[in-house]
Amino acid sequence: MGGVRVDDYSKTVISVAQSVTPHVASVRLDAGSGSAVVFEHGRMLTNAHVVGGARSGKATFSDGSEAPFEVAGADPLSDL
């Protein structure tokens, strides 16, 4: 018996997840938690409703590392 066969759709989903995962972080703030897109130079983007009125929080990255962060700004109108 051979191993489990993965169909083409599943291969595509796995490939996308592997390429996107390093660019996503979990963020925790006093107001709650959510996810953020990680950009170069230590910048992240999340929704304004996730940040609420917080000024800082902690990010957990896909490799398990954590880092504190400061909120640079929020735009409630665009929810970014």
# chains A, B, ... in the order shown; residues from 1 in each chain; ligands from 1

call {"tool": "residues_around", "arguments": {"residues": "A:Ser62", "least_positions_apart": "3", "cutoff": "8 Å", "atoms": "only C-alpha atoms", "output": "list in words"}}
result
Thr21, Pro22, Val24, Ala25 and Ser65 of chain A

call {"tool": "write_last_selection", "arguments": {"atoms": "all heavy atoms", "output": "PDB file, in the first residue's frame"}}
result
ATOM      1  N   THR A  21       1.869  31.718   5.461  1.00  0.00           N
ATOM      2  CA  THR A  21       2.049  31.589   6.908  1.00  0.00           C
ATOM      3  C   THR A  21       3.181  32.445   7.473  1.00  0.00           C
ATOM      4  O   THR A  21       2.988  33.093   8.505  1.00  0.00           O
ATOM      5  CB  THR A  21       2.227  30.112   7.309  1.00  0.00           C
ATOM      6  OG1 THR A  21       1.026  29.412   6.952  1.00  0.00           O
ATOM      7  CG2 THR A  21       2.474  29.949   8.793  1.00  0.00           C
ATOM      8  N   PRO A  22       4.346  32.533   6.857  1.00  0.00           N
ATOM      9  CA  PRO A  22       5.409  33.372   7.434  1.00  0.00           C
ATOM     10  C   PRO A  22       5.072  34.867   7.450  1.00  0.00           C
ATOM     11  O   PRO A  22       5.766  35.644   8.091  1.00  0.00           O
ATOM     12  CB  PRO A  22       6.610  33.109   6.520  1.00  0.00           C
ATOM     13  CG  PRO A  22       6.319  31.815   5.855  1.00  0.00           C
ATOM     14  CD  PRO A  22       4.826  31.756   5.718  1.00  0.00           C
ATOM     15  N   VAL A  24       2.092  36.160   8.448  1.00  0.00           N
ATOM     16  CA  VAL A  24       0.933  36.372   9.313  1.00  0.00           C
ATOM     17  C   VAL A  24       1.378  36.250  10.767  1.00  0.00           C
ATOM     18  O   VAL A  24       2.198  35.398  11.093  1.00  0.00           O
ATOM     19  CB  VAL A  24      -0.176  35.334   9.014  1.00  0.00           C
ATOM     20  CG1 VAL A  24      -1.353  35.502   9.956  1.00  0.00           C
ATOM     21  CG2 VAL A  24      -0.630  35.439   7.572  1.00  0.00           C
ATOM     22  N   ALA A  25       0.855  37.118  11.608  1.00  0.00           N
ATOM     23  CA  ALA A  25       1.154  37.060  13.042  1.00  0.00           C
ATOM     24  C   ALA A  25      -0.144  37.099  13.831  1.00  0.00           C
ATOM     25  O   ALA A  25      -1.141  37.651  13.381  1.00  0.00           O
ATOM     26  CB  ALA A  25       2.040  38.236  13.454  1.00  0.00           C
ATOM     27  N   SER A  65       8.161  32.610  17.701  1.00  0.00           N
ATOM     28  CA  SER A  65       8.797  33.734  18.384  1.00  0.00           C
ATOM     29  C   SER A  65       7.762  34.810  18.703  1.00  0.00           C
ATOM     30  O   SER A  65       6.721  34.900  18.056  1.00  0.00           O
ATOM     31  CB  SER A  65       9.928  34.321  17.537  1.00  0.00           C
ATOM     32  OG  SER A  65       9.434  34.860  16.336  1.00  0.00           O
TER      33      SER A  65
END

call {"tool": "select_by_dssp", "arguments": {"residues": "chain A", "states": "helix (DSSP H, G or I)", "output": "tab-separated table (two decimals) with N, CA and C atoms, in the first residue's frame"}}
result
chain	number	residue	atom	x	y	z
A	8	ASP	N	-5.04	17.58	-6.45
A	8	ASP	CA	-4.48	18.85	-6.93
A	8	ASP	C	-4.98	20.05	-6.13
A	9	TYR	N	-6.25	20.05	-5.76
A	9	TYR	CA	-6.81	21.16	-4.97
A	9	TYR	C	-6.09	21.25	-3.63
A	10	SER	N	-5.93	20.13	-2.97
A	10	SER	CA	-5.26	20.11	-1.67
A	10	SER	C	-3.80	20.54	-1.80
A	11	LYS	N	-3.14	20.14	-2.88
A	11	LYS	CA	-1.76	20.57	-3.11
A	11	LYS	C	-1.69	22.09	-3.24
A	12	THR	N	-2.67	22.68	-3.92
A	12	THR	CA	-2.71	24.13	-4.09
A	12	THR	C	-2.92	24.82	-2.75
A	13	VAL	N	-3.87	24.33	-1.95
A	13	VAL	CA	-4.15	24.91	-0.63
A	13	VAL	C	-2.90	24.81	0.25
A	14	ILE	N	-2.25	23.68	0.26
A	14	ILE	CA	-1.04	23.49	1.06
A	14	ILE	C	0.05	24.46	0.61
A	15	SER	N	0.21	24.62	-0.68
A	15	SER	CA	1.23	25.53	-1.22
A	15	SER	C	0.97	26.98	-0.81
A	16	VAL	N	-0.28	27.41	-0.91
A	16	VAL	CA	-0.65	28.77	-0.52
A	16	VAL	C	-0.41	28.97	0.97
A	17	ALA	N	-0.84	28.02	1.79
A	17	ALA	CA	-0.65	28.13	3.24
A	17	ALA	C	0.84	28.22	3.59
A	18	GLN	N	1.67	27.43	2.94
A	18	GLN	CA	3.11	27.45	3.21
A	18	GLN	C	3.73	28.79	2.83
A	19	SER	N	3.25	29.42	1.78
A	19	SER	CA	3.83	30.69	1.35
A	19	SER	C	3.30	31.87	2.15
A	20	VAL	N	2.06	31.79	2.65
A	20	VAL	CA	1.44	32.90	3.38
A	20	VAL	C	1.78	32.88	4.87
A	21	THR	N	1.87	31.72	5.46
A	21	THR	CA	2.05	31.59	6.91
A	21	THR	C	3.18	32.45	7.47
A	22	PRO	N	4.35	32.53	6.86
A	22	PRO	CA	5.41	33.37	7.43
A	22	PRO	C	5.07	34.87	7.45
A	23	HIS	N	4.02	35.26	6.76
A	23	HIS	CA	3.65	36.67	6.66
A	23	HIS	C	2.42	37.02	7.50
A	40	GLU	N	7.85	43.83	5.46
A	40	GLU	CA	9.28	44.06	5.70
A	40	GLU	C	9.47	45.20	6.70
A	41	HIS	N	10.65	45.26	7.25
A	41	HIS	CA	11.05	46.33	8.17
A	41	HIS	C	10.24	46.33	9.46
A	42	GLY	N	9.73	45.17	9.87
A	42	GLY	CA	9.05	45.06	11.15
A	42	GLY	C	7.68	45.71	11.23
A	48	ALA	N	-8.45	48.16	12.67
A	48	ALA	CA	-8.56	49.14	13.75
A	48	ALA	C	-9.41	48.59	14.89
A	49	HIS	N	-10.42	47.78	14.58
A	49	HIS	CA	-11.25	47.23	15.66
A	49	HIS	C	-10.47	46.24	16.52
A	50	VAL	N	-9.41	45.64	15.98
A	50	VAL	CA	-8.55	44.75	16.77
A	50	VAL	C	-7.72	45.58	17.74
A	51	VAL	N	-7.20	46.70	17.26
A	51	VAL	CA	-6.34	47.56	18.08
A	51	VAL	C	-7.15	48.27	19.15

call {"tool": "atom_distance", "arguments": {"atom1": "atom CA of A:Lys58", "atom2": "atom CA of A:Arg28"}}
result
5.3 Å

call {"tool": "residues_around", "arguments": {"residues": "A:Thr46", "least_positions_apart": "4", "cutoff": "8 Å", "atoms": "only C-alpha atoms", "output": "list in words"}}
result
Gly34, Ser35, Ala36, Val37, Val50, Val51 and Leu80 of chain A

call {"tool": "write_last_selection", "arguments": {"atoms": "N, CA and C atoms", "output": "compact mmCIF listing (two decimals), in the first residue's frame"}}
result
# COMPACT_ATOMS: atom_id res chain seq x y z
N GLY A 34 -6.23 39.34 17.51
CA GLY A 34 -6.56 39.17 16.11
C GLY A 34 -5.35 38.72 15.35
N SER A 35 -5.38 38.91 14.05
CA SER A 35 -4.24 38.56 13.22
C SER A 35 -3.75 39.80 12.48
N ALA A 36 -2.52 39.72 11.99
CA ALA A 36 -1.93 40.84 11.27
C ALA A 36 -1.10 40.31 10.11
N VAL A 37 -1.00 41.10 9.07
CA VAL A 37 -0.11 40.80 7.95
C VAL A 37 1.25 41.40 8.29
N VAL A 50 -9.41 45.64 15.98
CA VAL A 50 -8.55 44.75 16.77
C VAL A 50 -7.72 45.58 17.74
N VAL A 51 -7.20 46.70 17.26
CA VAL A 51 -6.34 47.56 18.08
C VAL A 51 -7.15 48.27 19.15
N LEU A 80 -8.53 50.04 9.42
CA LEU A 80 -7.13 49.62 9.34
C LEU A 80 -6.32 50.33 10.39

call {"tool": "atom_distance", "arguments": {"atom1": "atom CA of A:Ala72", "atom2": "atom CA of A:Leu29"}}
result
13.7 Å

call {"tool": "residues_around", "arguments": {"residues": "A:Val71", "least_positions_apart": "4", "cutoff": "9 Å", "atoms": "only C-alpha atoms", "output": "ChimeraX atom specification"}}
result
/A:51,54-57

call {"tool": "closest_residue", "arguments": {"among": "A:Arg5, A:Asp75, A:Ala31, A:Ala67", "to": "A:Gly52", "atoms": "only C-alpha atoms"}}
result
A:Ala31

call {"tool": "closest_residue", "arguments": {"among": "A:Ala59, A:Val38, A:Met44, A:Val6", "to": "A:Ser26", "atoms": "only C-alpha atoms"}}
result
A:Ala59

call {"tool": "select_by_dssp", "arguments": {"residues": "chain A", "states": "strand (DSSP E)", "output": "ChimeraX atom specification"}}
result
/A:24-29,32-38,44-45,56-61,66-70

call {"tool": "decode", "arguments": {"residues": "stretch 52-69 of chain A", "atoms": "N, CA, C and O atoms", "output": "CSV table (one decimal), in the first residue's frame"}}
result
chain,number,residue,atom,x,y,z
A,52,GLY,N,-8.4,48.7,18.8
A,52,GLY,CA,-9.2,49.4,19.8
A,52,GLY,C,-8.4,50.7,20.2
A,52,GLY,O,-7.9,51.4,19.3
A,53,GLY,N,-8.3,51.0,21.4
A,53,GLY,CA,-7.6,52.1,21.9
A,53,GLY,C,-6.2,51.8,22.4
A,53,GLY,O,-5.5,52.6,23.1
A,54,ALA,N,-5.7,50.6,22.2
A,54,ALA,CA,-4.5,50.1,22.7
A,54,ALA,C,-3.3,50.9,22.1
A,54,ALA,O,-3.4,51.3,20.9
A,55,ARG,N,-2.2,51.0,22.8
A,55,ARG,CA,-1.0,51.7,22.3
A,55,ARG,C,0.1,50.6,22.0
A,55,ARG,O,1.1,50.9,21.3
A,56,SER,N,-0.1,49.4,22.6
A,56,SER,CA,1.0,48.4,22.4
A,56,SER,C,0.4,47.0,22.6
A,56,SER,O,-0.8,46.9,23.0
A,57,GLY,N,1.1,46.0,22.2
A,57,GLY,CA,0.7,44.6,22.4
A,57,GLY,C,1.8,43.7,22.2
A,57,GLY,O,3.0,44.1,22.1
A,58,LYS,N,1.5,42.4,22.0
A,58,LYS,CA,2.5,41.4,21.7
A,58,LYS,C,2.1,40.6,20.5
A,58,LYS,O,0.9,40.3,20.3
A,59,ALA,N,3.1,40.3,19.6
A,59,ALA,CA,2.8,39.6,18.4
A,59,ALA,C,3.5,38.2,18.5
A,59,ALA,O,4.6,38.1,19.1
A,60,THR,N,2.8,37.2,18.0
A,60,THR,CA,3.4,35.9,18.0
A,60,THR,C,3.5,35.5,16.5
A,60,THR,O,2.5,35.6,15.8
A,61,PHE,N,4.7,35.1,16.1
A,61,PHE,CA,4.9,34.8,14.7
A,61,PHE,C,4.8,33.3,14.4
A,61,PHE,O,4.8,32.5,15.3
A,62,SER,N,4.8,32.9,13.1
A,62,SER,CA,4.6,31.5,12.7
A,62,SER,C,5.7,30.6,13.2
A,62,SER,O,5.5,29.4,13.4
A,63,ASP,N,6.9,31.1,13.5
A,63,ASP,CA,8.0,30.3,14.0
A,63,ASP,C,7.9,30.1,15.5
A,63,ASP,O,8.8,29.5,16.1
A,64,GLY,N,6.9,30.7,16.2
A,64,GLY,CA,6.7,30.6,17.6
A,64,GLY,C,7.4,31.8,18.4
A,64,GLY,O,7.2,31.9,19.6
A,65,SER,N,8.2,32.6,17.7
A,65,SER,CA,8.8,33.7,18.4
A,65,SER,C,7.8,34.8,18.7
A,65,SER,O,6.7,34.9,18.1
A,66,GLU,N,8.1,35.6,19.7
A,66,GLU,CA,7.2,36.7,20.2
A,66,GLU,C,7.9,38.0,20.2
A,66,GLU,O,9.1,38.0,20.4
A,67,ALA,N,7.2,39.1,20.0
A,67,ALA,CA,7.8,40.4,20.1
A,67,ALA,C,6.8,41.4,20.5
A,67,ALA,O,5.7,41.3,20.1
A,68,PRO,N,7.2,42.4,21.4
A,68,PRO,CA,6.3,43.5,21.7
A,68,PRO,C,6.2,44.4,20.5
A,68,PRO,O,7.1,44.4,19.7
A,69,PHE,N,5.1,45.1,20.4
A,69,PHE,CA,4.9,46.1,19.3
A,69,PHE,C,4.2,47.3,19.8
A,69,PHE,O,3.5,47.3,20.8
